[in-house]
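Novice: Enclosed is the structure file data39.txt (compact mmCIF, C-alpha atoms (C1' of nucleotides) and all ligand atoms).
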```txt
# COMPACT_ATOMS: atom_id res chain seq x y z
CA GLY C 1 0.00 0.00 0.00
CA GLY C 2 0.90 3.63 0.21
CA GLU C 3 0.39 6.62 2.48
CA PHE C 4 -2.05 9.43 1.95
CA SER C 5 -3.74 12.09 4.03
CA ILE C 6 -7.15 10.69 4.86
CA HIS C 7 -8.47 14.21 5.39
CA SER C 8 -7.73 15.21 1.82
CA PRO C 9 -10.55 14.57 -0.67
CA ALA C 10 -8.10 15.29 -3.49
CA GLN C 11 -5.68 12.59 -2.36
CA LEU C 12 -8.50 10.16 -1.60
CA ARG C 13 -9.78 10.64 -5.14
CA VAL C 14 -6.42 9.50 -6.51
CA VAL C 15 -6.30 6.51 -4.17
CA LEU C 16 -9.81 5.31 -4.97
CA PHE C 17 -10.03 5.88 -8.68
CA GLU C 18 -6.40 5.65 -9.85
CA LYS C 19 -4.47 3.47 -7.41
CA LEU C 20 -7.28 1.05 -6.49
CA LYS C 21 -9.02 1.55 -9.82
CA ILE C 22 -12.49 1.38 -8.29
CA SER C 23 -15.04 2.01 -11.01
CA SER C 24 -15.99 5.69 -11.29
CA ARG C 25 -18.89 5.05 -13.66
CA GLY C 26 -21.50 7.70 -13.05
CA VAL C 27 -19.60 9.38 -10.20
CA ARG C 28 -18.44 12.67 -11.74
CA ARG C 29 -19.16 16.14 -10.43
CA GLY C 30 -17.45 18.87 -8.49
CA LYS C 31 -15.45 21.81 -9.74
CA THR C 32 -12.21 19.86 -9.36
CA GLY C 33 -13.19 16.37 -10.48
CA LEU C 34 -14.63 13.19 -9.01
CA SER C 35 -16.44 13.55 -5.69
CA THR C 36 -15.75 11.45 -2.61
CA ASP C 37 -18.76 12.47 -0.55
CA VAL C 38 -20.96 10.15 1.50
CA ASP C 39 -23.22 9.22 -1.43
CA VAL C 40 -20.31 8.25 -3.64
CA LEU C 41 -18.47 6.30 -0.95
CA THR C 42 -21.64 4.46 0.03
CA ARG C 43 -21.98 3.17 -3.52
CA LEU C 44 -18.28 2.39 -3.82
CA ALA C 45 -18.51 0.31 -0.65
CA ARG C 46 -20.00 -2.49 -2.74
CA ASP C 47 -16.78 -2.81 -4.74
CA HIS C 48 -14.09 -2.42 -2.06
CA PRO C 49 -13.72 -2.46 1.74
CA LEU C 50 -11.92 0.90 1.93
CA PRO C 51 -14.82 3.32 1.31
CA ALA C 52 -16.79 2.07 4.31
CA LYS C 53 -13.74 2.55 6.51
CA ILE C 54 -13.32 6.09 5.20
CA LEU C 55 -16.98 6.82 5.92
CA GLU C 56 -16.68 5.64 9.51
CA TYR C 57 -13.50 7.66 9.93
CA ARG C 58 -15.15 10.75 8.43
CA MET C 59 -18.11 10.55 10.79
CA LEU C 60 -15.93 10.23 13.89
CA SER C 61 -13.41 12.78 12.64
CA LYS C 62 -16.18 15.33 12.06
CA LEU C 63 -17.49 14.88 15.60
CA LYS C 64 -14.00 15.08 17.11
CA SER C 65 -12.71 18.13 15.24
CA THR C 66 -15.89 20.22 15.22
CA TYR C 67 -17.25 19.42 18.67
CA VAL C 68 -15.14 17.29 21.02
CA ASP C 69 -11.90 19.16 20.43
CA ALA C 70 -13.28 22.62 19.68
CA LEU C 71 -16.00 23.26 22.24
CA PRO C 72 -14.23 22.64 25.58
CA ALA C 73 -11.62 25.24 24.64
CA LEU C 74 -14.38 27.82 24.24
CA VAL C 75 -15.85 27.44 27.73
CA ASP C 76 -15.63 30.79 29.47
CA PRO C 77 -13.66 30.34 32.71
CA ARG C 78 -15.72 33.09 34.37
CA THR C 79 -19.04 31.31 33.81
CA GLY C 80 -18.08 27.72 33.07
CA ARG C 81 -20.34 27.93 30.03
CA LEU C 82 -20.24 28.20 26.27
CA HIS C 83 -21.32 31.61 25.00
CA SER C 84 -22.52 31.78 21.40
CA SER C 85 -23.51 34.71 19.22
CA PHE C 86 -27.08 34.61 17.92
CA ASN C 87 -26.97 36.65 14.74
CA GLN C 88 -30.13 38.53 13.75
CA THR C 89 -29.11 39.87 10.36
CA VAL C 90 -27.49 36.93 8.60
CA ALA C 91 -30.13 34.48 7.40
CA ALA C 92 -32.14 35.86 4.48
CA THR C 93 -35.41 34.31 5.70
CA GLY C 94 -35.36 35.95 9.12
CA ARG C 95 -34.06 32.96 10.99
CA LEU C 96 -31.39 33.50 13.60
CA SER C 97 -27.98 31.98 13.00
CA SER C 98 -25.48 30.97 15.67
CA SER C 99 -21.71 31.30 15.55
CA GLU C 100 -18.49 31.19 17.58
CA PRO C 101 -19.51 28.56 18.34
CA ASN C 102 -22.55 27.45 16.38
CA LEU C 103 -24.87 25.89 18.95
CA GLN C 104 -27.64 25.24 16.41
CA ASN C 105 -25.90 22.24 14.84
CA ILE C 106 -25.03 20.09 17.84
CA PRO C 107 -25.16 16.42 16.74
CA VAL C 108 -28.26 14.33 17.38
CA ARG C 109 -28.48 11.78 14.57
CA THR C 110 -26.02 9.11 15.62
CA GLU C 111 -25.43 7.45 18.98
CA GLU C 112 -21.95 9.01 19.15
CA GLY C 113 -23.46 12.38 18.32
CA ARG C 114 -25.99 12.08 21.12
CA ARG C 115 -23.14 11.53 23.57
CA ILE C 116 -21.86 14.97 22.57
CA ARG C 117 -25.32 16.47 23.01
CA ALA C 118 -25.45 14.89 26.47
CA ALA C 119 -22.45 17.01 27.46
CA PHE C 120 -24.77 20.05 27.44
CA ALA C 121 -25.97 19.64 31.01
CA ALA C 122 -27.85 21.64 33.58
CA PRO C 123 -26.05 22.64 36.78
CA SER C 124 -26.96 20.68 39.88
CA GLY C 125 -30.38 21.54 41.19
CA HIS C 126 -31.56 22.44 37.70
CA ARG C 127 -33.05 20.73 34.66
CA LEU C 128 -33.00 21.51 30.96
CA ILE C 129 -36.32 21.95 29.21
CA SER C 130 -36.47 21.52 25.44
CA ALA C 131 -39.61 22.76 23.70
CA ASP C 132 -39.84 22.07 19.97
CA TYR C 133 -42.72 22.98 17.64
CA SER C 134 -44.30 19.93 16.03
CA GLN C 135 -44.04 19.82 12.20
CA ILE C 136 -43.77 23.58 12.27
CA GLU C 137 -43.24 24.44 8.60
CA LEU C 138 -45.90 21.97 7.47
CA ARG C 139 -48.34 23.75 9.79
CA VAL C 140 -47.30 27.14 8.43
CA LEU C 141 -47.73 25.71 4.94
CA ALA C 142 -51.24 24.55 5.81
CA HIS C 143 -52.03 28.05 7.13
CA LEU C 144 -50.64 29.91 4.13
CA SER C 145 -51.91 27.57 1.44
CA GLY C 146 -55.29 26.73 2.93
CA ASP C 147 -54.97 23.24 1.50
CA PRO C 148 -58.02 21.39 2.84
CA VAL C 149 -56.33 18.01 3.23
CA LEU C 150 -53.41 19.49 5.16
CA LEU C 151 -55.72 21.64 7.31
CA GLU C 152 -57.85 18.62 8.11
CA ALA C 153 -54.80 16.52 8.98
CA PHE C 154 -53.61 19.03 11.58
CA THR C 155 -57.08 19.59 12.96
CA ARG C 156 -57.20 15.82 13.56
CA GLY C 157 -53.78 15.85 15.19
CA GLU C 158 -52.06 13.75 12.57
CA ASP C 159 -48.29 13.38 12.18
CA ILE C 160 -47.44 13.85 8.50
CA HIS C 161 -43.76 12.96 8.97
CA ALA C 162 -44.69 9.69 10.67
CA ARG C 163 -47.21 8.99 7.94
CA THR C 164 -44.58 9.45 5.24
CA ALA C 165 -42.10 7.38 7.24
CA ALA C 166 -44.55 4.50 7.56
CA ASP C 167 -45.28 4.79 3.86
CA VAL C 168 -41.75 4.81 2.45
CA PHE C 169 -39.33 3.91 5.26
CA ALA C 170 -41.35 1.14 6.91
CA THR C 171 -38.32 -1.11 7.42
CA LEU C 172 -36.31 1.48 9.40
CA PRO C 173 -36.56 2.23 13.12
CA PRO C 174 -39.37 4.80 13.48
CA ALA C 175 -37.14 7.66 14.67
CA GLU C 176 -34.68 7.26 11.79
CA GLY C 177 -37.49 6.86 9.31
CA ARG C 178 -39.15 10.01 10.56
CA ARG C 179 -35.98 12.11 10.06
CA LEU C 180 -35.63 10.80 6.51
CA ALA C 181 -39.33 11.54 5.99
CA LYS C 182 -38.70 15.21 6.82
CA VAL C 183 -36.23 15.38 3.95
CA ILE C 184 -38.92 13.99 1.66
CA ASN C 185 -41.78 16.14 2.94
CA TYR C 186 -39.89 19.42 2.96
CA GLY C 187 -37.83 18.51 -0.10
CA ILE C 188 -40.88 17.97 -2.28
CA VAL C 189 -42.63 21.12 -1.09
CA TYR C 190 -39.52 23.22 -1.75
CA GLY C 191 -38.87 21.89 -5.24
CA MET C 192 -36.92 18.66 -5.06
CA GLY C 193 -36.63 16.88 -8.39
CA ALA C 194 -37.27 13.24 -9.21
CA ALA C 195 -33.58 12.35 -9.45
CA ARG C 196 -32.81 13.50 -5.94
CA ALA C 197 -36.07 12.05 -4.62
CA ALA C 198 -35.23 8.68 -6.16
CA ARG C 199 -31.97 8.59 -4.25
CA GLU C 200 -33.53 9.73 -0.97
CA LEU C 201 -36.35 7.21 -1.33
CA GLY C 202 -34.16 4.42 -2.65
CA VAL C 203 -36.48 3.77 -5.57
CA PRO C 204 -36.26 4.02 -9.38
CA LEU C 205 -36.66 7.41 -11.05
CA ALA C 206 -40.14 6.71 -12.40
CA GLU C 207 -41.37 5.65 -9.00
CA ALA C 208 -39.96 8.81 -7.42
CA GLN C 209 -41.67 10.95 -10.05
CA ALA C 210 -44.94 9.14 -9.32
CA TYR C 211 -44.46 9.81 -5.61
CA ILE C 212 -43.97 13.54 -6.22
CA ASP C 213 -47.00 13.65 -8.52
CA GLY C 214 -49.05 11.80 -5.91
CA TYR C 215 -47.92 14.24 -3.22
CA PHE C 216 -49.13 17.28 -5.14
CA ALA C 217 -52.31 15.47 -6.16
CA ARG C 218 -53.08 14.78 -2.51
CA TYR C 219 -52.23 18.35 -1.45
CA ALA C 220 -53.48 20.20 -4.50
CA GLY C 221 -53.71 23.47 -2.58
CA VAL C 222 -49.96 23.33 -1.96
CA ARG C 223 -49.21 23.23 -5.69
CA ALA C 224 -51.52 26.22 -6.21
CA PHE C 225 -49.89 28.09 -3.33
CA ILE C 226 -46.41 27.56 -4.77
CA ASP C 227 -47.50 28.78 -8.19
CA SER C 228 -49.28 31.87 -6.88
CA THR C 229 -46.39 32.69 -4.54
CA VAL C 230 -43.90 32.66 -7.40
CA THR C 231 -46.20 34.63 -9.70
CA GLU C 232 -46.82 37.29 -7.10
CA ALA C 233 -43.14 37.43 -6.15
CA ARG C 234 -42.17 38.01 -9.77
CA ALA C 235 -44.68 40.87 -10.04
CA ARG C 236 -43.71 42.57 -6.77
CA GLY C 237 -40.04 41.64 -6.58
CA TYR C 238 -40.29 40.25 -3.06
CA VAL C 239 -42.04 37.72 -0.83
CA THR C 240 -43.41 38.27 2.69
CA THR C 241 -43.90 36.39 5.94
CA VAL C 242 -46.82 36.27 8.38
CA LEU C 243 -45.45 39.27 10.32
CA GLY C 244 -44.61 41.23 7.16
CA ARG C 245 -40.92 40.56 6.75
CA ARG C 246 -39.77 40.96 3.12
CA ARG C 247 -37.16 39.18 1.08
CA TYR C 248 -36.32 40.77 -2.24
CA LEU C 249 -35.48 38.33 -5.02
CA PRO C 250 -34.33 40.23 -8.12
CA GLU C 251 -33.06 36.97 -9.67
CA LEU C 252 -36.71 36.03 -10.33
CA GLY C 253 -36.27 38.08 -13.50
CA ALA C 254 -33.01 36.45 -14.59
CA ARG C 255 -32.72 35.10 -18.13
CA ASP C 256 -30.54 32.19 -17.03
CA PRO C 257 -33.06 29.45 -16.13
CA ALA C 258 -30.81 27.97 -13.42
CA VAL C 259 -30.49 31.32 -11.68
CA ARG C 260 -34.18 32.10 -12.08
CA GLN C 261 -35.36 28.71 -10.83
CA PHE C 262 -33.07 28.91 -7.82
CA ALA C 263 -34.79 32.19 -6.95
CA GLU C 264 -38.20 30.60 -7.46
CA ARG C 265 -37.40 27.88 -4.93
CA ALA C 266 -36.15 30.52 -2.48
CA ALA C 267 -39.39 32.45 -3.06
CA THR C 268 -41.36 29.31 -2.22
CA ASN C 269 -39.36 28.55 0.92
CA THR C 270 -38.98 32.01 2.44
CA PRO C 271 -42.60 32.79 3.37
CA ILE C 272 -42.77 29.46 5.21
CA GLN C 273 -39.35 29.25 6.84
CA GLY C 274 -39.50 32.98 7.55
CA SER C 275 -42.97 32.82 9.11
CA ALA C 276 -41.82 29.99 11.36
CA ALA C 277 -38.94 32.28 12.38
CA ASP C 278 -41.44 35.08 13.10
CA LEU C 279 -43.36 32.79 15.42
CA ILE C 280 -40.44 31.59 17.50
CA LYS C 281 -39.06 35.12 17.79
CA LEU C 282 -42.38 36.16 19.33
CA ALA C 283 -42.22 33.09 21.56
CA MET C 284 -38.75 34.13 22.73
CA LEU C 285 -40.39 37.30 24.08
CA GLU C 286 -43.47 35.60 25.48
CA VAL C 287 -41.84 32.64 27.26
CA PRO C 288 -39.63 34.63 29.68
CA ARG C 289 -42.52 37.05 30.24
CA GLN C 290 -44.85 34.22 31.25
CA LEU C 291 -42.27 32.58 33.51
CA ALA C 292 -41.58 35.86 35.27
CA GLU C 293 -45.28 36.55 35.72
CA ALA C 294 -45.68 33.15 37.34
CA GLY C 295 -42.75 33.82 39.64
CA LEU C 296 -40.73 31.00 38.11
CA GLY C 297 -36.97 31.11 37.74
CA GLY C 298 -36.32 29.65 34.30
CA ARG C 299 -33.71 31.12 31.95
CA LEU C 300 -33.76 30.92 28.18
CA LEU C 301 -30.45 29.42 26.99
CA LEU C 302 -30.73 28.52 23.32
CA GLN C 303 -32.91 28.88 20.24
CA VAL C 304 -32.59 26.22 17.56
CA HIS C 305 -34.91 27.52 14.82
CA ASP C 306 -38.13 25.99 16.18
CA GLU C 307 -36.87 24.89 19.60
CA LEU C 308 -36.23 26.74 22.84
CA VAL C 309 -33.90 25.31 25.47
CA LEU C 310 -34.29 26.57 29.04
CA GLU C 311 -32.59 26.00 32.35
CA VAL C 312 -35.05 25.69 35.20
CA PRO C 313 -34.78 25.03 38.95
CA GLU C 314 -35.57 21.37 39.51
CA ALA C 315 -38.50 22.11 41.82
CA GLU C 316 -40.16 24.32 39.17
CA VAL C 317 -39.85 22.05 36.14
CA GLU C 318 -43.46 21.00 35.83
CA PRO C 319 -45.10 24.43 36.15
CA ALA C 320 -42.40 25.97 33.97
CA ALA C 321 -42.88 23.35 31.26
CA ALA C 322 -46.62 23.95 31.26
CA ARG C 323 -46.16 27.69 30.80
CA VAL C 324 -43.53 27.29 28.10
CA ARG C 325 -45.89 25.04 26.17
CA LEU C 326 -48.81 27.42 26.51
CA ALA C 327 -46.78 30.48 25.54
CA MET C 328 -45.41 28.77 22.43
CA GLU C 329 -48.67 27.16 21.31
CA LYS C 330 -50.67 30.38 21.69
CA VAL C 331 -48.00 32.71 20.37
CA TRP C 332 -49.82 33.66 17.14
CA PRO C 333 -53.02 31.85 16.19
CA LEU C 334 -53.00 30.21 12.76
CA ARG C 335 -55.69 28.30 10.87
CA VAL C 336 -54.22 25.13 12.40
CA PRO C 337 -53.31 24.46 16.02
CA LEU C 338 -49.65 24.80 17.00
CA ARG C 339 -48.34 21.87 19.04
CA VAL C 340 -45.12 21.81 21.05
CA ASP C 341 -43.19 18.78 22.25
CA VAL C 342 -41.85 19.67 25.71
CA ARG C 343 -39.37 17.43 27.49
CA HIS C 344 -36.92 17.85 30.33
CA GLY C 345 -33.81 16.11 31.58
CA ALA C 346 -30.46 16.51 33.23
CA ASN C 347 -28.91 17.17 29.82
CA TRP C 348 -29.89 18.14 26.28
CA ALA C 349 -29.83 14.58 24.97
CA GLU C 350 -32.36 13.50 27.59
CA ALA C 351 -34.51 16.58 27.11
CA HIS C 352 -34.59 16.53 23.31
C1' DT F 353 1.06 33.82 9.32
C1' DT F 354 -3.28 35.25 7.21
C1' DG F 355 -7.06 34.95 4.02
C1' DC F 356 -9.47 32.83 0.47
C1' DT F 357 -11.87 28.83 -2.09
C1' DT F 358 -13.22 24.10 -2.20
C1' DC F 359 -14.95 19.97 -0.27
C1' DG F 360 -17.49 17.77 2.92
C1' DC F 361 -20.88 17.42 6.69
C1' DC F 362 -23.20 18.84 11.20
C1' DA F 363 -28.05 20.87 12.32
C1' DC F 364 -32.90 22.95 11.57
C1' DA O 365 -24.63 16.65 -8.25
C1' DA O 366 -29.16 16.01 -8.69
C1' DA O 367 -35.18 21.41 -9.70
C1' DC O 368 -35.54 21.02 -1.58
C1' DG O 369 -34.42 25.57 1.46
C1' DT O 370 -31.63 28.07 5.69
C1' DG O 371 -27.17 28.21 8.14
C1' DG O 372 -21.55 27.47 10.32
C1' DC O 373 -17.15 25.28 10.51
C1' DG O 374 -12.85 22.15 10.01
C1' DA O 375 -9.18 20.58 6.86
C1' DA O 376 -6.70 20.89 2.59
C1' DG O 377 -4.72 23.56 -0.84
C1' DC O 378 -3.10 27.77 -2.50
C1' DA O 379 -1.78 32.75 -2.80
C1' DA O 380 0.01 36.68 -0.66
N1 LIG C 401 -36.20 22.69 3.60
C1 LIG C 401 -35.91 21.97 4.70
N2 LIG C 401 -36.30 22.42 5.89
C2 LIG C 401 -36.01 21.67 6.96
C3 LIG C 401 -35.31 20.46 6.87
N3 LIG C 401 -35.15 19.97 8.12
C4 LIG C 401 -35.75 20.85 8.94
N4 LIG C 401 -36.27 21.88 8.25
C5 LIG C 401 -37.03 23.03 8.77
C6 LIG C 401 -38.50 22.73 8.63
C7 LIG C 401 -38.92 22.30 10.01
O1 LIG C 401 -40.26 22.57 10.29
C8 LIG C 401 -37.99 23.13 10.88
C9 LIG C 401 -37.74 22.53 12.22
O2 LIG C 401 -37.12 21.26 12.08
P1 LIG C 401 -37.57 20.04 12.98
O3 LIG C 401 -36.46 19.02 12.94
O4 LIG C 401 -37.98 20.51 14.32
O5 LIG C 401 -38.77 19.40 12.17
P2 LIG C 401 -40.35 19.59 12.32
O6 LIG C 401 -40.69 20.73 13.22
O7 LIG C 401 -40.92 19.64 10.95
O8 LIG C 401 -40.81 18.20 12.94
P3 LIG C 401 -40.88 17.72 14.48
O9 LIG C 401 -42.32 17.42 14.74
O10 LIG C 401 -40.33 18.80 15.35
O11 LIG C 401 -40.02 16.49 14.55
O12 LIG C 401 -36.77 23.22 10.14
C10 LIG C 401 -34.91 20.01 5.57
O13 LIG C 401 -34.28 18.95 5.38
N5 LIG C 401 -35.24 20.81 4.52
MN MN C 402 -39.98 20.87 15.21
MN MN C 403 -36.54 21.43 15.86
```
Represent the supplied structure as structure tokens.
Ligand SMILES: Nc1nc2c(ncn2[C@H]2C[C@H](O)[C@@H](COP(=O)(O)OP(=O)(O)OP(=O)(O)O)O2)c(=O)[nH]1
Ligand SMILES: [Mn+2]
Ligand SMILES: [Mn+2]

Specialist:
Amino acid sequence: GGEFSIHSPAQLRVVLFEKLKISSRGVRRGKTGLSTDVDVLTRLARDHPLPAKILEYRMLSKLKSTYVDALPALVDPRTGRLHSSFNQTVAATGRLSSSEPNLQNIPVRTEEGRRIRAAFAAPSGHRLISADYSQIELRVLAHLSGDPVLLEAFTRGEDIHARTAADVFATLPPAEGRRLAKVINYGIVYGMGAARAARELGVPLAEAQAYIDGYFARYAGVRAFIDSTVTEARARGYVTTVLGRRRYLPELGARDPAVRQFAERAATNTPIQGSAADLIKLAMLEVPRQLAEAGLGGRLLLQVHDELVLEVPEAEVEPAAARVRLAMEKVWPLRVPLRVDVRHGANWAEAH
DNA sequence: TTGCTTCGCCAC
DNA sequence: AAACGTGGCGAAGCAA
């Protein structure tokens, strides 16, 4: 064998496709040549034992470099805590972003990742409360589109992600299937094509196209909402959210179809993602207000797009959780009920 | 040493 | 990469 830097995609490309001569049929892409990302290596794993080893190394290396090594060094000695910036003028939709360090992308998917999340712990005598809106952008979509099937589903208390998971990821553990179902549900609404859907679903192209067609047939009001949103955006030059935030999209008038269609997908997404951001920003005002009014001692620690994480004295967890839920669910009435999953634990992994 | 682009991947 | 969208960050590679 030979030596190469396992962290270098460029060197790995040479090893896989030139030294080992693993077939690169249908792999192409990238500005610099053949890709070595997780999709490619997963397929190559059928032809050689190395790609699977690289994938395992990549996963662990990502967790070590980005979280395990980086975060402890950033703990403030004065407070014993991590202090992040929550940026209000970065994301074009009105979401917050988090940086130095980013505390909105703490791992949760894998078992190893959850061990990192578990390191975010409440001080003794306290508990962490995590309160996360259920299916938030699908509910906002139901509100904005008025689609009768979607409205009815939420009125009945249905779980669309779980429904999709049972439909197309029946063989997977329910929690994993549900996360993959989110990619499908949001992907299709925001303009995913059949090629990508086929890969995500693990089915042939024609079947994926049929699934997308079936989706918009079932939720016909969603298709109409997307079309009218884009039409109106092109006429006005911008889209708006529930609380009136605007995003200007001059590329809607571009001659280059790729540029124009990118803007059309952004125009579709922004009213929904941005309205969800409006709601949780209001909730960030309402939750501390309600806790203070009730004489409870909770502190808001983190916002993760549709989730609030609080630190609460152990003795006050139950009343605090009840008020957090109420404040978030009643924050801004829509045509569908808002539901919030509230959990608590000694650390973020338990509470999530 | 610093700053930039590229690749890849973590989360919502 | 692909007709999902929104972010931030580490490592490699390169230029200054
Ligand atoms: N376009 C897009 N948006 C996403 C994706 N994942 C998450 N989001 C957005 C839409 C979600 O409503 C929002 C919050 O993410 P969550 O993981 O909390 O999902 P959601 O609230 O839909 O379901 P939940 O009931 O909380 O499990 O972030 C994605 O893969 N694509
Ligand atoms: Mn949610
Ligand atoms: Mn969430």

Novice: Report, in Å with one decimal, the straight-line distance from CA of Asp37 (chain C) to CA of Leu12 (chain C).

Specialist: 10.6 Å

Novice: Using all atoms listed in the file, find each residue with an atom at most 6 Å away from ligand MN 403 (chain C) and format the answer as a ChimeraX atom specification.

Specialist: /C:132,306-307 /F:364

Novice: Residues of chain C within 9 Å of ligand MN 402 (chain C): nearest atom pair and distance (Å, one decimal) for each, counting all atoms listed in the file, sorted by chain and number, as JSON lines?

Specialist:
```
{"residue": "C:Ala131", "atom": "CA", "partner": "C:MN402", "partner_atom": "MN", "distance": 8.7}
{"residue": "C:Asp132", "atom": "CA", "partner": "C:MN402", "partner_atom": "MN", "distance": 4.9}
{"residue": "C:Tyr133", "atom": "CA", "partner": "C:MN402", "partner_atom": "MN", "distance": 4.2}
{"residue": "C:Ser134", "atom": "CA", "partner": "C:MN402", "partner_atom": "MN", "distance": 4.5}
{"residue": "C:Gln135", "atom": "CA", "partner": "C:MN402", "partner_atom": "MN", "distance": 5.2}
{"residue": "C:Ile136", "atom": "CA", "partner": "C:MN402", "partner_atom": "MN", "distance": 5.5}
{"residue": "C:Glu137", "atom": "CA", "partner": "C:MN402", "partner_atom": "MN", "distance": 8.2}
{"residue": "C:His305", "atom": "CA", "partner": "C:MN402", "partner_atom": "MN", "distance": 8.4}
{"residue": "C:Asp306", "atom": "CA", "partner": "C:MN402", "partner_atom": "MN", "distance": 5.5}
{"residue": "C:Glu307", "atom": "CA", "partner": "C:MN402", "partner_atom": "MN", "distance": 6.7}
{"residue": "C:Val340", "atom": "CA", "partner": "C:MN402", "partner_atom": "MN", "distance": 7.8}
{"residue": "C:Asp341", "atom": "CA", "partner": "C:MN402", "partner_atom": "MN", "distance": 8.0}
```

Novice: What is the C1' of DT357 (chain F)-C1' of DG377 (chain O) distance in Å, reported with one decimal?

Specialist: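 Going from C1' of DT357 (chain F) over to C1' of DG377 (chain O), I get 9.0 Å.
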
Novice: Please define a box with edges along x, y and z of the file around all atoms of region 12-17 of chain C given in the file, extend it by 3 Å on each side, and return its centre and edge lengths in Å to one decimal, as AutoDock Vina command-line options.

Specialist:
```
--center_x -8.2 --center_y 8.0 --center_z -5.1 --size_x 9.7 --size_y 11.3 --size_z 13.1
```

Novice: Tell me, in Å to one decimal, how far CA of Tyr211 (chain C) is from CA of Val27 (chain C).

Specialist: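 Taking CA of Tyr211 (chain C) as the start and CA of Val27 (chain C) as the end point, the length is 25.3 Å.
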
Novice: If you take only C-alpha atoms and all ligand atoms and a cut-off of 10 Å, which residues of chain C touch ligand LIG 401 (chain C), and what are their nearest atom pairs and distances in Å to one decimal, in chain and number order, as CSV?

Specialist:
```
residue,atom,partner,partner_atom,distance
C:Ala131,CA,C:LIG401,O10,9.3
C:Asp132,CA,C:LIG401,O10,5.7
C:Tyr133,CA,C:LIG401,O10,5.3
C:Ser134,CA,C:LIG401,O9,3.4
C:Gln135,CA,C:LIG401,O7,3.4
C:Ile136,CA,C:LIG401,O1,4.2
C:Glu137,CA,C:LIG401,O1,3.9
C:Leu138,CA,C:LIG401,O1,6.3
C:Arg139,CA,C:LIG401,O1,8.2
C:Val140,CA,C:LIG401,O1,8.6
C:Leu141,CA,C:LIG401,O1,9.7
C:Asp159,CA,C:LIG401,O9,7.6
C:Ile160,CA,C:LIG401,O9,8.8
C:His161,CA,C:LIG401,O8,7.2
C:Ala162,CA,C:LIG401,O9,9.1
C:Ala175,CA,C:LIG401,O11,9.3
C:Arg178,CA,C:LIG401,O11,7.7
C:Arg179,CA,C:LIG401,O11,7.5
C:Leu180,CA,C:LIG401,O13,8.3
C:Ala181,CA,C:LIG401,O13,9.0
C:Lys182,CA,C:LIG401,O13,6.0
C:Val183,CA,C:LIG401,O13,4.3
C:Ile184,CA,C:LIG401,O13,7.7
C:Asn185,CA,C:LIG401,N5,8.2
C:Tyr186,CA,C:LIG401,N1,5.0
C:Gly187,CA,C:LIG401,N5,5.8
C:Ile188,CA,C:LIG401,N1,8.9
C:Val189,CA,C:LIG401,N1,8.1
C:Tyr190,CA,C:LIG401,N1,6.3
C:Gly191,CA,C:LIG401,N1,9.3
C:Met192,CA,C:LIG401,N1,9.6
C:Ala266,CA,C:LIG401,N1,9.9
C:Asn269,CA,C:LIG401,N1,7.2
C:Thr270,CA,C:LIG401,N1,9.8
C:Ile272,CA,C:LIG401,C6,8.7
C:Gln273,CA,C:LIG401,C6,6.8
C:Ala276,CA,C:LIG401,O1,7.7
C:Ala277,CA,C:LIG401,C8,9.3
C:Val304,CA,C:LIG401,C9,8.3
C:His305,CA,C:LIG401,C9,6.3
C:Asp306,CA,C:LIG401,C9,5.3
C:Glu307,CA,C:LIG401,O4,6.9
C:Arg339,CA,C:LIG401,O9,8.6
C:Val340,CA,C:LIG401,O10,8.0
C:Asp341,CA,C:LIG401,O10,7.5
```

Novice: Residues of chain C within 9 Å of chain O, using all atoms listed in the file, as a PyMOL selection string?

Specialist: chain C and resi 7-10+28-30+62+65-66+90-93+95-102+104-105+183-184+186-197+258+261-262+265-266+268-270+273

Novice: Which of these, C:Lys53, C:Pro107, C:Arg13, C:Phe86, has the shortest distance to chain F once you count all atoms listed in the file?

Specialist: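 Between C:Lys53, C:Pro107, C:Arg13, C:Phe86, the residue approaching chain F most closely is C:Pro107.
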
Novice: Identify every residue of chain F that has at least one atom within 9 Å of any atom of chain C, counting all atoms listed in the file, and report the result as a PDB file with C-alpha atoms (C1' of nucleotides), keeping the file's coordinate frame.

Specialist:
```pdb
ATOM      1  C1'  DT F 358     -13.220  24.100  -2.200  1.00  0.00           C
ATOM      2  C1'  DC F 359     -14.950  19.970  -0.270  1.00  0.00           C
ATOM      3  C1'  DG F 360     -17.490  17.770   2.920  1.00  0.00           C
ATOM      4  C1'  DC F 361     -20.880  17.420   6.690  1.00  0.00           C
ATOM      5  C1'  DC F 362     -23.200  18.840  11.200  1.00  0.00           C
ATOM      6  C1'  DA F 363     -28.050  20.870  12.320  1.00  0.00           C
ATOM      7  C1'  DC F 364     -32.900  22.950  11.570  1.00  0.00           C
TER       8       DC F 364
END
```

Novice: I'd like the contact shell of region 45-48 of chain C - 10 Å cut-off, only C-alpha atoms (C1' of nucleotides), skipping same-chain residues fewer than 5 positions apart - returned as a compact mmCIF listing (two decimals) with C-alpha atoms, in the frame of the given file.

Specialist:
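Result file is selection_26.txt:
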```
# COMPACT_ATOMS: atom_id res chain seq x y z
CA LEU C 16 -9.81 5.31 -4.97
CA LEU C 20 -7.28 1.05 -6.49
CA ILE C 22 -12.49 1.38 -8.29
CA SER C 23 -15.04 2.01 -11.01
CA VAL C 40 -20.31 8.25 -3.64
CA LYS C 53 -13.74 2.55 6.51
CA ILE C 54 -13.32 6.09 5.20
CA LEU C 55 -16.98 6.82 5.92
```
